[in-house]
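Chemist: To be precise about what I am sending: the file is called entry-v2.cif and holds mmCIF, C-alpha atoms and all ligand atoms.
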data_query
loop_
_atom_site.group_PDB
_atom_site.id
_atom_site.type_symbol
_atom_site.label_atom_id
_atom_site.label_comp_id
_atom_site.auth_asym_id
_atom_site.auth_seq_id
_atom_site.Cartn_x
_atom_site.Cartn_y
_atom_site.Cartn_z
ATOM 1 C CA MET A 1496 -6.682 102.574 -3.522
ATOM 2 C CA ALA A 1497 -3.648 101.514 -1.501
ATOM 3 C CA SER A 1498 -1.733 104.509 -0.159
ATOM 4 C CA LYS A 1499 1.747 105.111 -1.509
ATOM 5 C CA PRO A 1500 4.331 103.733 0.898
ATOM 6 C CA SER A 1501 6.113 106.658 2.569
ATOM 7 C CA ILE A 1502 9.834 106.967 1.927
ATOM 8 C CA HIS A 1503 11.803 107.086 5.138
ATOM 9 C CA ARG A 1504 13.955 110.210 5.257
ATOM 10 C CA ASP A 1505 17.147 108.197 5.615
ATOM 11 C CA GLN A 1506 16.374 106.229 2.450
ATOM 12 C CA ARG A 1507 16.953 109.434 0.474
ATOM 13 C CA LEU A 1508 20.468 109.773 1.878
ATOM 14 C CA HIS A 1509 23.522 108.888 -0.146
ATOM 15 C CA PRO A 1510 24.877 105.511 1.126
ATOM 16 C CA LEU A 1511 27.971 107.222 2.554
ATOM 17 C CA GLN A 1512 25.841 109.806 4.391
ATOM 18 C CA TYR A 1513 23.613 106.990 5.638
ATOM 19 C CA ARG A 1514 26.559 105.056 6.977
ATOM 20 C CA TRP A 1515 27.916 108.191 8.708
ATOM 21 C CA LYS A 1516 24.509 108.824 10.295
ATOM 22 C CA SER A 1517 24.214 105.225 11.513
ATOM 23 C CA THR A 1518 27.668 105.470 13.096
ATOM 24 C CA GLN A 1519 26.669 108.705 14.835
ATOM 25 C CA CYS A 1520 23.474 107.055 16.170
ATOM 26 C CA LEU A 1521 25.426 104.046 17.399
ATOM 27 C CA LYS A 1522 27.980 106.324 19.072
ATOM 28 C CA GLN A 1523 25.196 108.315 20.728
ATOM 29 C CA ASN A 1524 23.476 105.143 21.975
ATOM 30 C CA LEU A 1525 26.701 103.902 23.488
ATOM 31 C CA MET A 1526 27.352 107.273 25.090
ATOM 32 C CA GLN A 1527 23.934 107.225 26.749
ATOM 33 C CA GLY A 1528 25.164 104.435 28.989
ATOM 34 C CA THR A 1529 28.173 106.411 30.188
ATOM 35 C CA LYS A 1530 27.250 110.044 29.528
ATOM 36 C CA ASP A 1531 27.046 112.153 32.696
ATOM 37 C CA LYS A 1532 27.717 109.147 34.912
ATOM 38 C CA VAL A 1533 29.845 110.072 37.913
ATOM 39 C CA ILE A 1534 32.623 107.523 38.198
ATOM 40 C CA VAL A 1535 35.227 107.302 40.955
ATOM 41 C CA ILE A 1536 38.382 105.361 40.072
ATOM 42 C CA THR A 1537 41.070 104.395 42.577
ATOM 43 C CA GLY A 1538 44.541 103.684 41.216
ATOM 44 C CA ALA A 1539 43.633 106.062 38.413
ATOM 45 C CA SER A 1540 47.060 107.590 37.804
ATOM 46 C CA SER A 1541 48.481 104.863 35.567
ATOM 47 C CA GLY A 1542 47.831 101.642 33.665
ATOM 48 C CA ILE A 1543 44.315 100.219 33.706
ATOM 49 C CA GLY A 1544 42.844 102.999 35.871
ATOM 50 C CA GLU A 1545 44.279 105.719 33.649
ATOM 51 C CA ALA A 1546 43.126 104.082 30.392
ATOM 52 C CA THR A 1547 39.632 103.596 31.831
ATOM 53 C CA ALA A 1548 39.437 107.192 33.072
ATOM 54 C CA VAL A 1549 40.409 108.551 29.647
ATOM 55 C CA MET A 1550 37.972 106.284 27.776
ATOM 56 C CA LEU A 1551 35.064 107.058 30.111
ATOM 57 C CA ALA A 1552 35.711 110.808 29.994
ATOM 58 C CA GLU A 1553 35.748 110.650 26.182
ATOM 59 C CA ARG A 1554 32.300 109.094 26.415
ATOM 60 C CA GLY A 1555 30.888 111.885 28.535
ATOM 61 C CA ALA A 1556 31.378 110.506 32.051
ATOM 62 C CA LYS A 1557 32.494 112.726 34.932
ATOM 63 C CA VAL A 1558 35.540 111.003 36.353
ATOM 64 C CA VAL A 1559 36.885 111.432 39.877
ATOM 65 C CA LEU A 1560 40.409 110.133 40.183
ATOM 66 C CA GLY A 1561 42.381 108.891 43.190
ATOM 67 C CA ALA A 1562 45.952 107.646 43.681
ATOM 68 C CA ARG A 1563 48.888 108.476 45.958
ATOM 69 C CA GLY A 1564 51.083 110.268 43.408
ATOM 70 C CA LEU A 1565 49.671 113.777 42.999
ATOM 71 C CA GLU A 1566 51.827 114.819 40.044
ATOM 72 C CA ARG A 1567 50.615 112.032 37.768
ATOM 73 C CA LEU A 1568 47.022 112.644 38.826
ATOM 74 C CA GLU A 1569 47.354 116.340 38.012
ATOM 75 C CA GLY A 1570 48.879 115.571 34.611
ATOM 76 C CA LEU A 1571 46.107 113.128 33.752
ATOM 77 C CA ALA A 1572 43.386 115.524 34.937
ATOM 78 C CA ARG A 1573 44.886 118.279 32.745
ATOM 79 C CA ARG A 1574 44.889 115.927 29.755
ATOM 80 C CA ILE A 1575 41.244 114.913 30.282
ATOM 81 C CA ALA A 1576 40.079 118.505 30.881
ATOM 82 C CA GLY A 1577 42.111 119.685 27.859
ATOM 83 C CA ALA A 1578 40.183 117.242 25.681
ATOM 84 C CA GLY A 1579 36.880 118.660 26.984
ATOM 85 C CA GLY A 1580 36.261 116.080 29.724
ATOM 86 C CA GLU A 1581 34.870 116.600 33.247
ATOM 87 C CA VAL A 1582 37.342 115.591 35.920
ATOM 88 C CA ALA A 1583 38.146 115.970 39.608
ATOM 89 C CA TYR A 1584 40.899 114.320 41.609
ATOM 90 C CA ALA A 1585 42.272 113.893 45.099
ATOM 91 C CA GLN A 1586 45.398 112.358 46.515
ATOM 92 C CA THR A 1587 44.208 109.046 47.911
ATOM 93 C CA ASP A 1588 45.908 106.198 49.728
ATOM 94 C CA VAL A 1589 43.437 103.301 49.793
ATOM 95 C CA ARG A 1590 45.150 101.978 52.930
ATOM 96 C CA LYS A 1591 43.497 104.877 54.733
ATOM 97 C CA ARG A 1592 39.745 104.526 55.066
ATOM 98 C CA GLU A 1593 39.293 108.282 55.473
ATOM 99 C CA ASP A 1594 41.048 108.935 52.130
ATOM 100 C CA VAL A 1595 38.684 106.618 50.274
ATOM 101 C CA THR A 1596 35.667 108.136 52.021
ATOM 102 C CA SER A 1597 36.879 111.644 51.079
ATOM 103 C CA LEU A 1598 37.254 110.622 47.424
ATOM 104 C CA VAL A 1599 33.677 109.335 47.312
ATOM 105 C CA ASN A 1600 32.476 112.478 49.129
ATOM 106 C CA LEU A 1601 34.312 114.639 46.601
ATOM 107 C CA ALA A 1602 32.355 112.987 43.782
ATOM 108 C CA CYS A 1603 29.025 113.418 45.576
ATOM 109 C CA GLU A 1604 29.694 117.035 46.544
ATOM 110 C CA ARG A 1605 31.072 118.071 43.145
ATOM 111 C CA TYR A 1606 28.594 116.248 40.924
ATOM 112 C CA GLY A 1607 25.623 115.471 43.201
ATOM 113 C CA LYS A 1608 25.669 111.678 42.891
ATOM 114 C CA LEU A 1609 27.848 108.601 42.434
ATOM 115 C CA ASP A 1610 27.090 106.130 39.658
ATOM 116 C CA VAL A 1611 30.148 103.894 39.719
ATOM 117 C CA LEU A 1612 33.007 103.133 42.079
ATOM 118 C CA MET A 1613 35.892 101.367 40.378
ATOM 119 C CA ASN A 1614 38.008 99.749 43.096
ATOM 120 C CA ASN A 1615 41.121 99.383 40.993
ATOM 121 C CA ALA A 1616 44.177 100.354 43.071
ATOM 122 C CA GLY A 1617 46.428 97.350 43.488
ATOM 123 C CA ILE A 1618 50.012 96.184 43.744
ATOM 124 C CA GLY A 1619 51.745 92.879 43.005
ATOM 125 C CA PRO A 1620 55.100 92.463 44.746
ATOM 126 C CA ILE A 1621 55.148 88.716 44.139
ATOM 127 C CA SER A 1622 57.849 86.384 45.486
ATOM 128 C CA PRO A 1623 58.309 82.828 46.779
ATOM 129 C CA LEU A 1624 56.893 82.376 50.288
ATOM 130 C CA ASP A 1625 60.368 81.212 51.396
ATOM 131 C CA ASP A 1626 61.642 84.777 50.865
ATOM 132 C CA LEU A 1627 59.486 85.874 53.822
ATOM 133 C CA ARG A 1628 58.850 89.326 52.347
ATOM 134 C CA VAL A 1629 56.270 89.869 55.058
ATOM 135 C CA GLU A 1630 56.051 93.617 54.489
ATOM 136 C CA ASP A 1631 55.042 92.966 50.875
ATOM 137 C CA TRP A 1632 52.392 90.489 52.041
ATOM 138 C CA GLU A 1633 50.992 93.092 54.418
ATOM 139 C CA ASN A 1634 50.980 95.798 51.748
ATOM 140 C CA MET A 1635 49.133 93.554 49.285
ATOM 141 C CA ILE A 1636 46.523 92.703 51.907
ATOM 142 C CA ASP A 1637 46.145 96.362 52.902
ATOM 143 C CA ILE A 1638 45.884 97.748 49.365
ATOM 144 C CA ASN A 1639 44.323 94.919 47.349
ATOM 145 C CA ILE A 1640 41.808 93.677 49.938
ATOM 146 C CA LYS A 1641 41.303 96.315 52.622
ATOM 147 C CA GLY A 1642 41.405 99.100 50.015
ATOM 148 C CA VAL A 1643 38.501 97.445 48.191
ATOM 149 C CA LEU A 1644 36.603 97.012 51.479
ATOM 150 C CA TYR A 1645 37.103 100.690 52.320
ATOM 151 C CA GLY A 1646 35.696 101.497 48.881
ATOM 152 C CA ILE A 1647 32.644 99.367 49.593
ATOM 153 C CA ALA A 1648 32.247 100.990 53.023
ATOM 154 C CA ALA A 1649 32.381 104.455 51.449
ATOM 155 C CA ALA A 1650 30.075 103.877 48.472
ATOM 156 C CA LEU A 1651 27.520 101.312 49.657
ATOM 157 C CA PRO A 1652 25.566 103.710 51.916
ATOM 158 C CA VAL A 1653 25.554 106.282 49.091
ATOM 159 C CA PHE A 1654 24.275 103.699 46.596
ATOM 160 C CA ARG A 1655 21.592 102.478 49.039
ATOM 161 C CA LYS A 1656 20.366 106.032 49.621
ATOM 162 C CA GLN A 1657 20.304 106.829 45.904
ATOM 163 C CA GLY A 1658 18.704 103.523 44.935
ATOM 164 C CA PHE A 1659 21.323 102.912 42.240
ATOM 165 C CA GLY A 1660 25.055 102.344 41.932
ATOM 166 C CA HIS A 1661 27.663 100.083 40.401
ATOM 167 C CA PHE A 1662 30.837 98.588 41.869
ATOM 168 C CA VAL A 1663 33.557 97.587 39.416
ATOM 169 C CA ASN A 1664 36.290 95.693 41.252
ATOM 170 C CA THR A 1665 39.600 94.855 39.594
ATOM 171 C CA ALA A 1666 40.669 91.291 40.354
ATOM 172 C CA SER A 1667 43.032 89.256 38.136
ATOM 173 C CA THR A 1668 43.412 85.926 36.377
ATOM 174 C CA ALA A 1669 45.602 85.262 39.452
ATOM 175 C CA GLY A 1670 42.291 85.291 41.326
ATOM 176 C CA ILE A 1671 41.196 82.277 39.297
ATOM 177 C CA ILE A 1672 44.374 80.155 38.994
ATOM 178 C CA VAL A 1673 47.242 80.060 41.511
ATOM 179 C CA HIS A 1674 50.828 79.891 40.262
ATOM 180 C CA PRO A 1675 54.050 79.484 42.272
ATOM 181 C CA ASN A 1676 55.463 82.769 43.673
ATOM 182 C CA MET A 1677 52.029 84.328 43.509
ATOM 183 C CA ALA A 1678 50.418 82.823 46.610
ATOM 184 C CA VAL A 1679 49.751 86.053 48.490
ATOM 185 C CA TYR A 1680 48.888 88.159 45.429
ATOM 186 C CA ALA A 1681 46.558 85.399 44.208
ATOM 187 C CA GLY A 1682 45.088 85.201 47.724
ATOM 188 C CA THR A 1683 44.221 88.895 47.619
ATOM 189 C CA LYS A 1684 42.602 88.558 44.201
ATOM 190 C CA PHE A 1685 40.641 85.418 45.211
ATOM 191 C CA ALA A 1686 39.451 87.567 48.118
ATOM 192 C CA VAL A 1687 38.401 90.406 45.797
ATOM 193 C CA ARG A 1688 36.368 87.945 43.722
ATOM 194 C CA ALA A 1689 34.777 86.351 46.805
ATOM 195 C CA ILE A 1690 33.912 89.705 48.382
ATOM 196 C CA SER A 1691 32.535 90.998 45.078
ATOM 197 C CA GLU A 1692 30.364 87.915 44.560
ATOM 198 C CA GLY A 1693 29.071 88.167 48.139
ATOM 199 C CA LEU A 1694 28.363 91.842 47.559
ATOM 200 C CA ARG A 1695 26.503 91.019 44.338
ATOM 201 C CA GLN A 1696 24.320 88.515 46.171
ATOM 202 C CA GLU A 1697 23.520 91.006 48.935
ATOM 203 C CA ALA A 1698 23.140 93.958 46.589
ATOM 204 C CA GLY A 1699 19.478 93.446 45.703
ATOM 205 C CA ASP A 1700 17.875 94.466 42.452
ATOM 206 C CA LYS A 1701 19.048 98.088 42.360
ATOM 207 C CA LEU A 1702 22.836 97.821 42.586
ATOM 208 C CA ARG A 1703 25.296 96.243 40.162
ATOM 209 C CA VAL A 1704 28.611 94.537 40.859
ATOM 210 C CA THR A 1705 31.192 93.691 38.210
ATOM 211 C CA ILE A 1706 34.456 91.808 38.645
ATOM 212 C CA ILE A 1707 37.066 92.548 35.994
ATOM 213 C CA SER A 1708 39.796 89.911 35.829
ATOM 214 C CA PRO A 1709 42.693 90.923 33.572
ATOM 215 C CA GLY A 1710 45.564 88.724 32.467
ATOM 216 C CA PHE A 1711 48.939 90.243 31.513
ATOM 217 C CA VAL A 1712 48.452 93.959 30.777
ATOM 218 C CA ARG A 1713 51.191 96.411 29.761
ATOM 219 C CA THR A 1714 51.296 98.813 32.734
ATOM 220 C CA ASP A 1715 53.638 99.970 35.522
ATOM 221 C CA PHE A 1716 52.537 96.964 37.563
ATOM 222 C CA THR A 1717 56.079 95.542 37.921
ATOM 223 C CA GLU A 1718 57.197 98.762 39.637
ATOM 224 C CA SER A 1719 55.732 97.483 42.913
ATOM 225 C CA MET A 1720 57.825 94.304 42.791
ATOM 226 C CA THR A 1721 60.643 94.203 45.349
ATOM 227 C CA SER A 1722 62.231 90.928 44.213
ATOM 228 C CA PRO A 1723 64.611 91.694 41.307
ATOM 229 C CA GLU A 1724 64.258 88.130 39.938
ATOM 230 C CA MET A 1725 60.476 88.253 39.941
ATOM 231 C CA LYS A 1726 60.481 91.742 38.439
ATOM 232 C CA ALA A 1727 62.734 90.622 35.565
ATOM 233 C CA GLN A 1728 60.679 87.467 34.985
ATOM 234 C CA ILE A 1729 57.321 89.261 34.877
ATOM 235 C CA ARG A 1730 58.715 92.094 32.742
ATOM 236 C CA ASP A 1731 59.934 89.489 30.269
ATOM 237 C CA SER A 1732 56.475 87.873 30.113
ATOM 238 C CA MET A 1733 54.894 91.306 29.733
ATOM 239 C CA ASP A 1734 57.239 92.204 26.859
ATOM 240 C CA LYS A 1735 56.316 88.958 25.140
ATOM 241 C CA MET A 1736 52.556 88.940 25.484
ATOM 242 C CA ALA A 1737 50.962 91.755 27.487
ATOM 243 C CA ILE A 1738 47.981 93.535 25.962
ATOM 244 C CA SER A 1739 47.146 97.234 26.081
ATOM 245 C CA PRO A 1740 45.272 98.615 29.121
ATOM 246 C CA ASP A 1741 42.726 99.894 26.589
ATOM 247 C CA ALA A 1742 41.543 96.292 26.192
ATOM 248 C CA ILE A 1743 40.535 96.250 29.860
ATOM 249 C CA ALA A 1744 39.062 99.751 29.680
ATOM 250 C CA ARG A 1745 36.817 98.651 26.790
ATOM 251 C CA ALA A 1746 35.486 95.747 28.860
ATOM 252 C CA ILE A 1747 34.779 98.059 31.800
ATOM 253 C CA VAL A 1748 33.000 100.558 29.554
ATOM 254 C CA PHE A 1749 30.892 97.677 28.216
ATOM 255 C CA ALA A 1750 29.807 96.713 31.754
ATOM 256 C CA ILE A 1751 29.044 100.305 32.742
ATOM 257 C CA GLU A 1752 27.052 101.214 29.641
ATOM 258 C CA GLN A 1753 24.557 98.352 30.033
ATOM 259 C CA PRO A 1754 21.002 99.244 31.079
ATOM 260 C CA ALA A 1755 20.439 99.569 34.847
ATOM 261 C CA ASP A 1756 18.790 96.132 35.128
ATOM 262 C CA VAL A 1757 21.704 94.332 33.458
ATOM 263 C CA ASP A 1758 24.528 93.217 35.722
ATOM 264 C CA VAL A 1759 27.689 92.063 33.972
ATOM 265 C CA GLY A 1760 28.999 89.853 36.768
ATOM 266 C CA GLU A 1761 32.533 89.076 35.644
ATOM 267 C CA ILE A 1762 34.710 89.682 32.625
ATOM 268 C CA ILE A 1763 38.021 87.918 32.053
ATOM 269 C CA VAL A 1764 40.284 89.607 29.498
ATOM 270 C CA ARG A 1765 43.674 88.062 28.840
ATOM 271 C CA PRO A 1766 46.190 87.947 25.988
ATOM 272 C CA THR A 1767 45.532 85.156 23.500
ATOM 273 C CA ALA A 1768 49.122 84.088 24.174
ATOM 274 C CA GLN A 1769 48.555 83.644 27.928
ATOM 275 C CA GLY A 1770 48.313 80.034 29.060
HETATM 276 N N1 LIG B 1 49.002 94.771 34.765
HETATM 277 C C1 LIG B 1 48.591 93.525 34.888
HETATM 278 O O1 LIG B 1 49.119 92.606 34.231
HETATM 279 C C2 LIG B 1 47.427 93.192 35.810
HETATM 280 C C3 LIG B 1 46.852 91.940 35.698
HETATM 281 C C4 LIG B 1 45.794 91.608 36.517
HETATM 282 C C5 LIG B 1 45.304 92.524 37.426
HETATM 283 N N2 LIG B 1 45.881 93.749 37.531
HETATM 284 C C6 LIG B 1 45.306 94.667 38.526
HETATM 285 O O2 LIG B 1 44.970 95.886 37.893
HETATM 286 C C7 LIG B 1 44.959 96.937 38.860
HETATM 287 C C8 LIG B 1 45.696 98.134 38.281
HETATM 288 O O3 LIG B 1 47.048 97.782 38.075
HETATM 289 P P1 LIG B 1 47.876 98.248 36.790
HETATM 290 O O4 LIG B 1 48.295 97.040 36.071
HETATM 291 O O5 LIG B 1 47.162 99.314 36.064
HETATM 292 O O6 LIG B 1 49.202 98.784 37.519
HETATM 293 P P2 LIG B 1 49.823 100.252 37.664
HETATM 294 O O7 LIG B 1 50.053 100.858 36.334
HETATM 295 O O8 LIG B 1 50.977 100.060 38.583
HETATM 296 O O9 LIG B 1 48.685 101.074 38.409
HETATM 297 C C9 LIG B 1 48.410 100.916 39.772
HETATM 298 C C10 LIG B 1 47.653 102.133 40.264
HETATM 299 O O10 LIG B 1 47.321 101.925 41.636
HETATM 300 C C11 LIG B 1 47.763 103.067 42.383
HETATM 301 N N3 LIG B 1 48.066 102.662 43.751
HETATM 302 C C12 LIG B 1 49.006 101.809 44.223
HETATM 303 N N4 LIG B 1 48.972 101.748 45.563
HETATM 304 C C13 LIG B 1 47.972 102.589 45.950
HETATM 305 C C14 LIG B 1 47.442 102.994 47.199
HETATM 306 N N5 LIG B 1 47.948 102.549 48.349
HETATM 307 N N6 LIG B 1 46.416 103.876 47.213
HETATM 308 C C15 LIG B 1 45.913 104.373 46.074
HETATM 309 N N7 LIG B 1 46.369 104.038 44.865
HETATM 310 C C16 LIG B 1 47.390 103.159 44.812
HETATM 311 C C17 LIG B 1 48.983 103.598 41.610
HETATM 312 O O11 LIG B 1 49.247 104.967 41.866
HETATM 313 P P3 LIG B 1 50.154 105.470 43.097
HETATM 314 O O12 LIG B 1 51.329 104.537 43.189
HETATM 315 O O13 LIG B 1 50.524 106.873 42.739
HETATM 316 O O14 LIG B 1 49.277 105.418 44.305
HETATM 317 C C18 LIG B 1 48.477 103.418 40.196
HETATM 318 O O15 LIG B 1 47.618 104.480 39.851
HETATM 319 C C19 LIG B 1 45.567 96.350 40.131
HETATM 320 O O16 LIG B 1 44.530 96.026 41.028
HETATM 321 C C20 LIG B 1 46.240 95.071 39.645
HETATM 322 O O17 LIG B 1 46.325 94.098 40.657
HETATM 323 C C21 LIG B 1 46.930 94.098 36.740
#
Could you express the structure from this file as structure tokens?
Ligand SMILES: NC(=O)c1ccc[n+]([C@@H]2O[C@H](COP(=O)([O-])OP(=O)(O)OC[C@H]3O[C@@H](n4cnc5c(N)ncnc54)[C@H](OP(=O)(O)O)[C@@H]3O)[C@@H](O)[C@H]2O)c1
Modeler:
Amino acid sequence: MASKPSIHRDQRLHPLQYRWKSTQCLKQNLMQGTKDKVIVITGASSGIGEATAVMLAERGAKVVLGARGLERLEGLARRIAGAGGEVAYAQTDVRKREDVTSLVNLACERYGKLDVLMNNAGIGPISPLDDLRVEDWENMIDINIKGVLYGIAAALPVFRKQGFGHFVNTASTAGIIVHPNMAVYAGTKFAVRAISEGLRQEAGDKLRVTIISPGFVRTDFTESMTSPEMKAQIRDSMDKMAISPDAIARAIVFAIEQPADVDVGEIIVRPTAQG
């Protein structure tokens, strides 16, 4: 006689209970990819870095935050800890190699490992080349390119020793298409993409490298602009079409939560309205 098919426990649940349980399982699965990961974020005190820190902490990651402005870092850390998250922070200027090294060391000392370094700090004081705002050019090169290199120099030996690790480097759609007035900024972001791709090719089968290339995102980004005309122009475009930094944070979470043998190489996230 054929045995009676067994009824799966969940089949006895009311459909609403079943749906709730499925959502919980899905949530738990997603959290597994971020839960307890130790994640250092530079430029964490506002905009994309801040949104990513909050989202990752909500998903169980231990976030280690760096930026120059201590007050904003402290406020953000309080908010994350108040919501039950694990957080550490240190005042960090990515123009100083020793600051970036200390931030990575803080993560390793506090939490015993480093899973992800998000090289996110960046500025965009754009202007026509004819303006000769040479100091702005130098700052963009120092923060957007050399800051990322200092991050790589700090984390790569740690990742090699551990046998795992993930770089997430913030580039830009300006690293894909050059527009007038953006030559130097675009140059720094082309450089971030080139360095990241080279790093990916050298990384071997244990490390992961992700480039995140955002379009217009509603952040404090225009604050670094020294040309009043450019600032007004970009603010206007932002008001018209910029998307929330959460949209970028979601993409970063997606890359981080993938299994260890899956490398999400590059994600471009831009407003639908952006040409
Ligand atoms: N918003 C956009 O439309 C957009 C588009 C494409 C790409 N991006 C890129 O996204 C990244 C984040 O920018 P965001 O839009 O989130 O702008 P944001 O709100 O201005 O955030 C920039 C962050 O970088 C930090 N920072 C600046 N200089 C630093 C330095 N020398 N050392 C350490 N931290 C520094 C800032 O904090 P402190 O000033 O306190 O240090 C802040 O936390 C940048 O790499 C930017 O190029 C932005």
Chemist: Give me the region 1665-1716 of chain A side of the contact with region 1626-1645 of chain A, cut-off 12 Å, one line per residue showing its nearest atom pair and distance in Å at one decimal, counting all atoms listed in the file, sorted by chain and residue number, as JSON lines.
Modeler:
{"residue": "A:Thr1665", "atom": "CA", "partner": "A:Val1643", "partner_atom": "CA", "distance": 9.0}
{"residue": "A:Ala1666", "atom": "CA", "partner": "A:Asn1639", "partner_atom": "CA", "distance": 8.7}
{"residue": "A:Ser1667", "atom": "CA", "partner": "A:Asn1639", "partner_atom": "CA", "distance": 10.9}
{"residue": "A:Gly1670", "atom": "CA", "partner": "A:Asn1639", "partner_atom": "CA", "distance": 11.5}
{"residue": "A:Asn1676", "atom": "CA", "partner": "A:Asp1626", "partner_atom": "CA", "distance": 9.7}
{"residue": "A:Met1677", "atom": "CA", "partner": "A:Trp1632", "partner_atom": "CA", "distance": 10.5}
{"residue": "A:Ala1678", "atom": "CA", "partner": "A:Trp1632", "partner_atom": "CA", "distance": 9.6}
{"residue": "A:Val1679", "atom": "CA", "partner": "A:Trp1632", "partner_atom": "CA", "distance": 6.3}
{"residue": "A:Tyr1680", "atom": "CA", "partner": "A:Met1635", "partner_atom": "CA", "distance": 6.6}
{"residue": "A:Ala1681", "atom": "CA", "partner": "A:Met1635", "partner_atom": "CA", "distance": 9.9}
{"residue": "A:Gly1682", "atom": "CA", "partner": "A:Ile1636", "partner_atom": "CA", "distance": 8.7}
{"residue": "A:Thr1683", "atom": "CA", "partner": "A:Ile1640", "partner_atom": "CA", "distance": 5.8}
{"residue": "A:Lys1684", "atom": "CA", "partner": "A:Asn1639", "partner_atom": "CA", "distance": 7.3}
{"residue": "A:Phe1685", "atom": "CA", "partner": "A:Ile1640", "partner_atom": "CA", "distance": 9.6}
{"residue": "A:Ala1686", "atom": "CA", "partner": "A:Ile1640", "partner_atom": "CA", "distance": 6.8}
{"residue": "A:Val1687", "atom": "CA", "partner": "A:Ile1640", "partner_atom": "CA", "distance": 6.3}
{"residue": "A:Arg1688", "atom": "CA", "partner": "A:Ile1640", "partner_atom": "CA", "distance": 10.1}
{"residue": "A:Ala1689", "atom": "CA", "partner": "A:Ile1640", "partner_atom": "CA", "distance": 10.6}
{"residue": "A:Ile1690", "atom": "CA", "partner": "A:Leu1644", "partner_atom": "CA", "distance": 8.4}
{"residue": "A:Ser1691", "atom": "CA", "partner": "A:Val1643", "partner_atom": "CA", "distance": 9.3}
{"residue": "A:Leu1694", "atom": "CA", "partner": "A:Leu1644", "partner_atom": "CA", "distance": 10.5}
{"residue": "A:Ile1706", "atom": "CA", "partner": "A:Val1643", "partner_atom": "CA", "distance": 11.8}
Chemist: Write as a ChimeraX atom specification the residues around ligand LIG 1 (chain B), taking 6 Å as the cut-off and counting only C-alpha atoms and all ligand atoms.
Modeler: /A:1537-1544,1562-1564,1587-1590,1615-1618,1638,1665-1667,1709-1716
Chemist: Kindly resolve the PyMOL selection byres (((chain A and resi 1747-1749) around 10) and not hetatm) on the present coordinates and return the residues as a list of chain:residue names.
Modeler: A:Leu1525, A:Met1526, A:Gly1528, A:Thr1529, A:Ile1543, A:Thr1547, A:Ala1548, A:Met1550, A:Leu1551, A:Arg1554, A:Met1613, A:Val1663, A:Asn1664, A:Thr1665, A:Thr1705, A:Ile1706, A:Ile1707, A:Asp1741, A:Ala1742, A:Ile1743, A:Ala1744, A:Arg1745, A:Ala1746, A:Ala1750, A:Ile1751, A:Glu1752, A:Gln1753, A:Val1759, A:Ile1762
Chemist: In Å, how far is it from CA of Gly1660 (chain A) to CA of Arg1765 (chain A)?
Modeler: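 Those two atoms sit 26.9 Å apart.
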Chemist: Taking into account all atoms listed in the file, which residue in the set A:Val1533, A:Ala1737, A:Leu1565, A:Ile1575 is nearest to Ala1768 (chain A)?
Modeler: A:Ala1737
Chemist: Report, as lines of an AutoDock Vina configuration file, the axis-aligned box around all atoms of region 1738-1751 of chain A present in the file, extended by 8 Å on each side; give centre and edge lengths in Å to one decimal place.
Modeler:
center_x = 38.5
center_y = 97.0
center_z = 29.4
size_x = 34.9
size_y = 23.0
size_z = 22.8
Chemist: I'd like to know which of A:Gly1607, A:Pro1675, A:Gly1699, A:Gly1577 is closest to Leu1624 (chain A), using only C-alpha atoms.
Modeler: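 For Leu1624 (chain A), the nearest of the given residues is A:Pro1675.
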Chemist: What is the distance, in Å and to one decimal place, between CA of Lys1608 (chain A) and CA of Ala1546 (chain A)?
Modeler: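 Separation between CA of Lys1608 (chain A) and CA of Ala1546 (chain A): 22.8 Å.
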Chemist: I need the residue nearest Ser1597 (chain A) from this list: A:Gly1770, A:Pro1620, A:Gly1561, A:Gly1579. Use all atoms listed in the file for the distance.
Modeler: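 For Ser1597 (chain A), the nearest of the candidates is A:Gly1561.
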Chemist: Quick check, in Å to one decimal: how far apart do CA of Thr1721 (chain A) and CA of Asp1734 (chain A) lie?
Modeler: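 Value for the CA of Thr1721 (chain A)-CA of Asp1734 (chain A) distance: 18.9 Å.
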Chemist: Please report, as a tab-separated table, each residue of region 1514-1612 of chain A lying at most 9 Å from region 1646-1653 of chain A, together with the nearest pair of atoms and the separation in Å rounded to one decimal; use all atoms listed in the file, and order rows by chain and ascending residue number.
Modeler:
residue	atom	partner	partner_atom	distance
A:Thr1537	CA	A:Gly1646	CA	8.8
A:Val1589	CA	A:Gly1646	CA	8.0
A:Arg1592	CA	A:Gly1646	CA	8.0
A:Glu1593	CA	A:Ala1649	CA	8.9
A:Val1595	CA	A:Gly1646	CA	6.1
A:Thr1596	CA	A:Ala1649	CA	5.0
A:Ser1597	CA	A:Ala1649	CA	8.5
A:Leu1598	CA	A:Ala1649	CA	8.8
A:Val1599	CA	A:Ala1649	CA	6.5
A:Asn1600	CA	A:Ala1649	CA	8.4
A:Cys1603	CA	A:Val1653	CA	8.7
A:Lys1608	CA	A:Val1653	CA	8.2
A:Leu1609	CA	A:Val1653	CA	7.4
A:Val1611	CA	A:Ala1650	CA	8.8
A:Leu1612	CA	A:Ala1650	CA	7.1
Chemist: Go through A:Thr1767, A:Lys1735, A:Asp1756, A:Ser1719 and flag the residue nearest Ile1621 (chain A), using all atoms listed in the file for the distances.
Modeler: A:Ser1719
Chemist: Using only C-alpha atoms, can you tell me which of A:Ala1585, A:Asp1700, A:Ile1536, A:Thr1668 comes closest to Val1764 (chain A)?
Modeler: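 Of the candidates, the smallest distance to Val1764 (chain A) is held by A:Thr1668.
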Chemist: If you apply the PyMOL selection byres (((chain A and resi 1659) around 9) and not hetatm) to this file, what residues do you get, as a list in words?
Modeler: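 Expected selection for the PyMOL selection byres (((chain A and resi 1659) around 9) and not hetatm) here is Leu1609, Asp1610, Val1653, Phe1654, Arg1655, Lys1656, Gln1657, Gly1658, Gly1660, His1661, Lys1701, Leu1702, Arg1703 and Ala1755 of chain A.
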